[in-house]
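A.B. asks: Pasting data-v3.txt here (compact mmCIF, C-alpha atoms):
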# COMPACT_ATOMS: atom_id res chain seq x y z
CA MET A 14 110.77 109.83 140.02
CA LEU A 15 109.73 108.00 136.84
CA ILE A 16 109.55 111.26 134.88
CA PHE A 17 112.99 112.30 136.14
CA LEU A 18 114.58 108.94 135.25
CA SER A 19 112.90 108.99 131.85
CA ALA A 20 114.30 112.45 131.15
CA ILE A 21 117.80 111.34 132.17
CA CYS A 22 117.55 108.29 129.90
CA GLY A 23 116.32 110.43 126.99
CA LEU A 24 119.13 112.92 127.57
CA THR A 25 121.64 110.08 127.68
CA ALA A 26 120.29 108.51 124.48
CA VAL A 27 120.56 111.79 122.55
CA THR A 28 124.03 112.51 123.94
CA LEU A 29 125.42 109.05 123.23
CA GLY A 30 123.74 108.90 119.83
CA ALA A 31 125.40 112.17 118.82
CA PHE A 32 128.70 111.08 120.38
CA GLY A 33 128.63 107.86 118.38
CA ALA A 34 127.77 109.63 115.15
CA HIS A 35 130.17 112.55 115.44
CA ALA A 36 132.97 111.90 117.92
CA LEU A 37 133.44 108.21 117.24
CA GLY A 38 132.36 108.38 113.61
CA GLU A 39 134.50 106.01 111.59
CA ASP A 40 135.93 104.37 114.73
CA LEU A 41 132.66 102.47 114.98
CA SER A 42 132.18 100.05 112.14
CA GLY A 43 130.48 96.75 111.50
CA ASP A 44 129.08 95.14 114.64
CA ALA A 45 130.17 98.06 116.83
CA ARG A 46 128.13 100.56 114.79
CA GLY A 47 125.10 98.28 114.90
CA TRP A 48 125.41 97.80 118.68
CA TRP A 49 125.72 101.55 119.23
CA ASP A 50 122.73 102.38 117.07
CA THR A 51 120.58 99.64 118.63
CA ALA A 52 121.50 100.74 122.15
CA THR A 53 120.58 104.34 121.35
CA LEU A 54 117.27 103.40 119.71
CA TYR A 55 116.12 101.11 122.52
CA LEU A 56 117.16 103.54 125.24
CA MET A 57 115.27 106.42 123.60
CA VAL A 58 112.12 104.45 122.77
CA HIS A 59 111.84 103.10 126.30
CA ALA A 60 112.62 106.49 127.85
CA VAL A 61 109.72 108.00 125.89
CA ALA A 62 107.39 105.15 126.84
CA ALA A 63 108.29 105.47 130.53
CA LEU A 64 107.89 109.26 130.31
CA ALA A 65 104.37 108.79 128.95
CA ILE A 66 103.56 106.48 131.84
CA GLY A 67 104.98 108.95 134.34
CA LEU A 68 102.98 111.81 132.84
CA SER A 69 99.83 109.70 132.95
CA SER A 70 100.10 109.58 136.75
CA ARG A 71 99.21 105.89 136.68
CA GLY A 72 100.33 103.96 139.72
CA GLY A 73 100.58 100.31 140.66
CA LEU A 74 101.63 97.78 138.06
CA VAL A 75 101.68 100.35 135.27
CA ALA A 76 104.18 102.57 137.10
CA HIS A 77 106.25 99.53 138.07
CA GLY A 78 106.20 98.55 134.41
CA GLY A 79 107.59 101.96 133.46
CA LEU A 80 110.42 101.52 135.93
CA ALA A 81 111.13 98.03 134.61
CA LEU A 82 111.26 99.46 131.07
CA LEU A 83 113.91 101.95 132.14
CA LEU A 84 116.01 99.53 134.14
CA GLY A 85 115.90 96.97 131.36
CA ALA A 86 116.75 99.53 128.70
CA ILE A 87 119.65 100.89 130.75
CA LEU A 88 121.17 97.44 131.21
CA PHE A 89 120.51 96.48 127.59
CA ALA A 90 122.00 99.67 126.20
CA ALA A 91 124.94 99.80 128.62
CA THR A 92 126.16 96.35 127.60
CA LEU A 93 125.86 97.18 123.90
CA TYR A 94 127.66 100.51 124.34
CA ALA A 95 130.40 98.74 126.29
CA MET A 96 130.88 96.11 123.60
CA ALA A 97 130.95 98.78 120.89
CA LEU A 98 133.77 100.46 122.80
CA GLY A 99 135.76 97.24 123.07
CA ALA A 100 134.43 95.36 126.08
CA PRO A 101 134.73 91.57 125.80
CA ARG A 102 132.09 89.82 123.73
CA TRP A 103 130.89 87.92 126.81
CA PHE A 104 129.13 91.17 127.79
CA GLY A 105 126.66 90.07 125.14
CA ALA A 106 125.51 87.39 127.59
CA ILE A 107 124.30 90.16 129.94
CA THR A 108 122.36 92.03 127.25
CA PRO A 109 119.36 89.66 127.24
CA ILE A 110 118.82 90.32 130.95
CA GLY A 111 118.09 93.92 130.01
CA GLY A 112 115.81 92.65 127.26
CA LEU A 113 113.93 90.58 129.82
CA GLY A 114 113.54 93.70 131.96
CA MET A 115 111.98 95.52 129.03
CA LEU A 116 109.67 92.59 128.32
CA ALA A 117 108.67 92.45 131.98
CA GLY A 118 107.93 96.17 131.87
CA TRP A 119 105.65 95.85 128.87
CA ALA A 120 103.92 92.85 130.50
CA LEU A 121 103.35 94.78 133.74
CA ILE A 122 101.91 97.70 131.79
CA ALA A 123 99.58 95.36 129.89
CA ILE A 124 98.42 93.59 133.04
CA GLY A 125 98.05 96.86 134.96
CA THR A 126 95.90 98.44 132.26
CA TRP A 127 93.87 95.28 131.73
CA ARG A 128 92.94 95.22 135.41
CA SER A 129 91.85 98.83 135.55
Kindly present the structure from the file in structure tokens form.
C.D. replies:
Amino acid sequence: MLIFLSAICGLTAVTLGAFGAHALGEDLSGDARGWWDTATLYLMVHAVAALAIGLSSRGGLVAHGGLALLLGAILFAATLYAMALGAPRWFGAITPIGGLGMLAGWALIAIGTWRS
């Protein structure tokens, strides 16, 4: 399941990155462009990290960490994409929850590998 979800997140990151660059182009400027680019970068980086964990066939805390990476990255990126497309700025208050999910994922991976 982790490999599948990682692939979907990677696919989404490439698709939305291209959409932002080509279809939205000049419609995204200033903060909106920065939010879009940051969302795409974080979603892709964490999709690749979770994919590596899935391919490693590690279980336990490491696998749970990979899932936390994905869930955090999805929430983080989704709020930034939404704000870039005009959602209210208060969505920015949700973004750090995704960041905490990513941090938790990295911590679980570190603890899981330390214990093994």
A.B. asks: Determine the nearest neighbour of Gly30 (chain A) from the options A:Ala106, A:Ala63, A:Leu84, A:Ala90, counting all atoms listed in the file.
C.D. replies: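 Closest to Gly30 (chain A), using all atoms listed in the file: A:Ala90.
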A.B. asks: Which residues, written as a ChimeraX atom specification, have at least one atom at most 8 Å from Ala86 (chain A), with only C-alpha atoms counted and residues fewer than 5 positions away on the same chain left out?
C.D. replies: /A:55-56,59,111-112,114-115
A.B. asks: Rank nothing, just name the residue among A:Leu98, A:Val58, A:Ile107, A:Leu113 nearest to Leu37 (chain A), using all atoms listed in the file.
C.D. replies: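 Closest to Leu37 (chain A), using all atoms listed in the file: A:Leu98.
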A.B. asks: For a test of reading the model, state the distance in Å between CA of Gly72 (chain A) and CA of Leu15 (chain A), rounded to one decimal.
C.D. replies: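 Here the two named atoms are 10.6 Å from each other.
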A.B. asks: What does the structure give for the distance between CA of Leu41 (chain A) and CA of Ala95 (chain A), in Å to one decimal?
C.D. replies: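 Result for CA of Leu41 (chain A) versus CA of Ala95 (chain A): 12.1 Å, one decimal.
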A.B. asks: Just want the 7 Å neighbourhood of Gly118 (chain A), counted on all atoms listed in the file, with same-chain residues fewer than 3 positions away dropped. Output as a ChimeraX atom specification.
C.D. replies: /A:78-79,81-82,114-115,121-122
A.B. asks: Could you save the residues just selected, with C-alpha atoms, as a PDB file, in the frame of the given file?
C.D. replies:
ATOM      1  CA  GLY A  78     106.200  98.550 134.410  1.00  0.00           C
ATOM      2  CA  GLY A  79     107.590 101.960 133.460  1.00  0.00           C
ATOM      3  CA  ALA A  81     111.130  98.030 134.610  1.00  0.00           C
ATOM      4  CA  LEU A  82     111.260  99.460 131.070  1.00  0.00           C
ATOM      5  CA  GLY A 114     113.540  93.700 131.960  1.00  0.00           C
ATOM      6  CA  MET A 115     111.980  95.520 129.030  1.00  0.00           C
ATOM      7  CA  LEU A 121     103.350  94.780 133.740  1.00  0.00           C
ATOM      8  CA  ILE A 122     101.910  97.700 131.790  1.00  0.00           C
TER       9      ILE A 122
END
A.B. asks: Of the candidates A:Leu80, A:Leu68, A:Ala52, A:Ala62, which one gets nearest to Thr92 (chain A) if we count all atoms listed in the file?
C.D. replies: A:Ala52
A.B. asks: For Gly47 (chain A), list every protein, DNA or RNA residue within 12 Å, evaluated using only C-alpha atoms, and leave out those in the same chain fewer than 3 positions away; present the list as a ChimeraX atom specification.
C.D. replies: /A:30,33-34,41-44,50-54,90,93-94,96-98
A.B. asks: Need to verify the contact set: Thr126 (chain A), 10 Å, only C-alpha atoms, exclusion of same-chain residues closer than 4 positions in sequence. Can you return it as JSON, numbers by chain?
C.D. replies: {"A": [71, 73, 74, 75, 120, 121, 122]}
A.B. asks: As lines of an AutoDock Vina configuration file, please report the centre and edge lengths, rounded to one decimal in Å, of the axis-aligned box that holds all listed atoms of region 108-117 of chain A with 6 Å of padding on each of the six sides.
C.D. replies:
center_x = 115.5
center_y = 92.6
center_z = 129.6
size_x = 25.7
size_y = 17.9
size_z = 16.7
A.B. asks: Just checking: using only C-alpha atoms, which residue out of A:Arg46, A:His77, A:Ala100, A:Ala36 ends up closest to Ala123 (chain A)?
C.D. replies: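 Between A:Arg46, A:His77, A:Ala100, A:Ala36, the residue approaching Ala123 (chain A) most closely is A:His77.
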A.B. asks: Measure the distance from CA of Ala60 (chain A) to CA of Ala20 (chain A) in Å and round it to one decimal.
C.D. replies: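 For CA of Ala60 (chain A) relative to CA of Ala20 (chain A), the distance reads 7.0 Å.
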A.B. asks: Which residue out of A:Leu83, A:Ala31, A:Gly125, A:Trp49 has the minimum interatomic distance to Val61 (chain A) when all atoms listed in the file are used?
C.D. replies: A:Leu83
A.B. asks: Can you fill out region 66-81 of chain A with N, CA and C atoms and hand it back as a PDB file, in the coordinates of the input?
C.D. replies:
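Saved file part.pdb follows:
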ATOM      1  N   ILE A  66     104.176 107.105 130.667  1.00  0.00           N
ATOM      2  CA  ILE A  66     103.560 106.480 131.840  1.00  0.00           C
ATOM      3  C   ILE A  66     103.658 107.414 133.039  1.00  0.00           C
ATOM      4  N   GLY A  67     104.822 108.016 133.233  1.00  0.00           N
ATOM      5  CA  GLY A  67     104.980 108.950 134.340  1.00  0.00           C
ATOM      6  C   GLY A  67     104.037 110.132 134.237  1.00  0.00           C
ATOM      7  N   LEU A  68     103.881 110.665 133.041  1.00  0.00           N
ATOM      8  CA  LEU A  68     102.980 111.810 132.840  1.00  0.00           C
ATOM      9  C   LEU A  68     101.516 111.426 132.990  1.00  0.00           C
ATOM     10  N   SER A  69     101.216 110.151 132.808  1.00  0.00           N
ATOM     11  CA  SER A  69      99.830 109.700 132.950  1.00  0.00           C
ATOM     12  C   SER A  69      99.395 109.606 134.406  1.00  0.00           C
ATOM     13  N   SER A  70     100.357 109.687 135.315  1.00  0.00           N
ATOM     14  CA  SER A  70     100.100 109.580 136.750  1.00  0.00           C
ATOM     15  C   SER A  70      99.484 108.253 137.149  1.00  0.00           C
ATOM     16  N   ARG A  71      99.688 107.221 136.329  1.00  0.00           N
ATOM     17  CA  ARG A  71      99.210 105.890 136.680  1.00  0.00           C
ATOM     18  C   ARG A  71     100.126 105.323 137.755  1.00  0.00           C
ATOM     19  N   GLY A  72      99.557 104.587 138.664  1.00  0.00           N
ATOM     20  CA  GLY A  72     100.330 103.960 139.720  1.00  0.00           C
ATOM     21  C   GLY A  72     100.325 102.455 139.562  1.00  0.00           C
ATOM     22  N   GLY A  73     100.640 101.767 140.615  1.00  0.00           N
ATOM     23  CA  GLY A  73     100.580 100.310 140.660  1.00  0.00           C
ATOM     24  C   GLY A  73     101.440  99.621 139.629  1.00  0.00           C
ATOM     25  N   LEU A  74     100.880  98.591 139.017  1.00  0.00           N
ATOM     26  CA  LEU A  74     101.630  97.780 138.060  1.00  0.00           C
ATOM     27  C   LEU A  74     102.100  98.587 136.853  1.00  0.00           C
ATOM     28  N   VAL A  75     101.304  99.546 136.437  1.00  0.00           N
ATOM     29  CA  VAL A  75     101.680 100.350 135.270  1.00  0.00           C
ATOM     30  C   VAL A  75     102.944 101.156 135.574  1.00  0.00           C
ATOM     31  N   ALA A  76     102.990 101.801 136.721  1.00  0.00           N
ATOM     32  CA  ALA A  76     104.180 102.570 137.100  1.00  0.00           C
ATOM     33  C   ALA A  76     105.378 101.653 137.305  1.00  0.00           C
ATOM     34  N   HIS A  77     105.151 100.490 137.904  1.00  0.00           N
ATOM     35  CA  HIS A  77     106.250  99.530 138.070  1.00  0.00           C
ATOM     36  C   HIS A  77     106.747  99.046 136.699  1.00  0.00           C
ATOM     37  N   GLY A  78     105.823  98.915 135.773  1.00  0.00           N
ATOM     38  CA  GLY A  78     106.200  98.550 134.410  1.00  0.00           C
ATOM     39  C   GLY A  78     107.083  99.611 133.768  1.00  0.00           C
ATOM     40  N   GLY A  79     106.754 100.872 133.992  1.00  0.00           N
ATOM     41  CA  GLY A  79     107.590 101.960 133.460  1.00  0.00           C
ATOM     42  C   GLY A  79     108.989 101.915 134.023  1.00  0.00           C
ATOM     43  N   LEU A  80     109.098 101.635 135.303  1.00  0.00           N
ATOM     44  CA  LEU A  80     110.420 101.520 135.930  1.00  0.00           C
ATOM     45  C   LEU A  80     111.179 100.324 135.371  1.00  0.00           C
ATOM     46  N   ALA A  81     110.488  99.210 135.181  1.00  0.00           N
ATOM     47  CA  ALA A  81     111.130  98.030 134.610  1.00  0.00           C
ATOM     48  C   ALA A  81     111.619  98.306 133.184  1.00  0.00           C
TER      49      ALA A  81
END
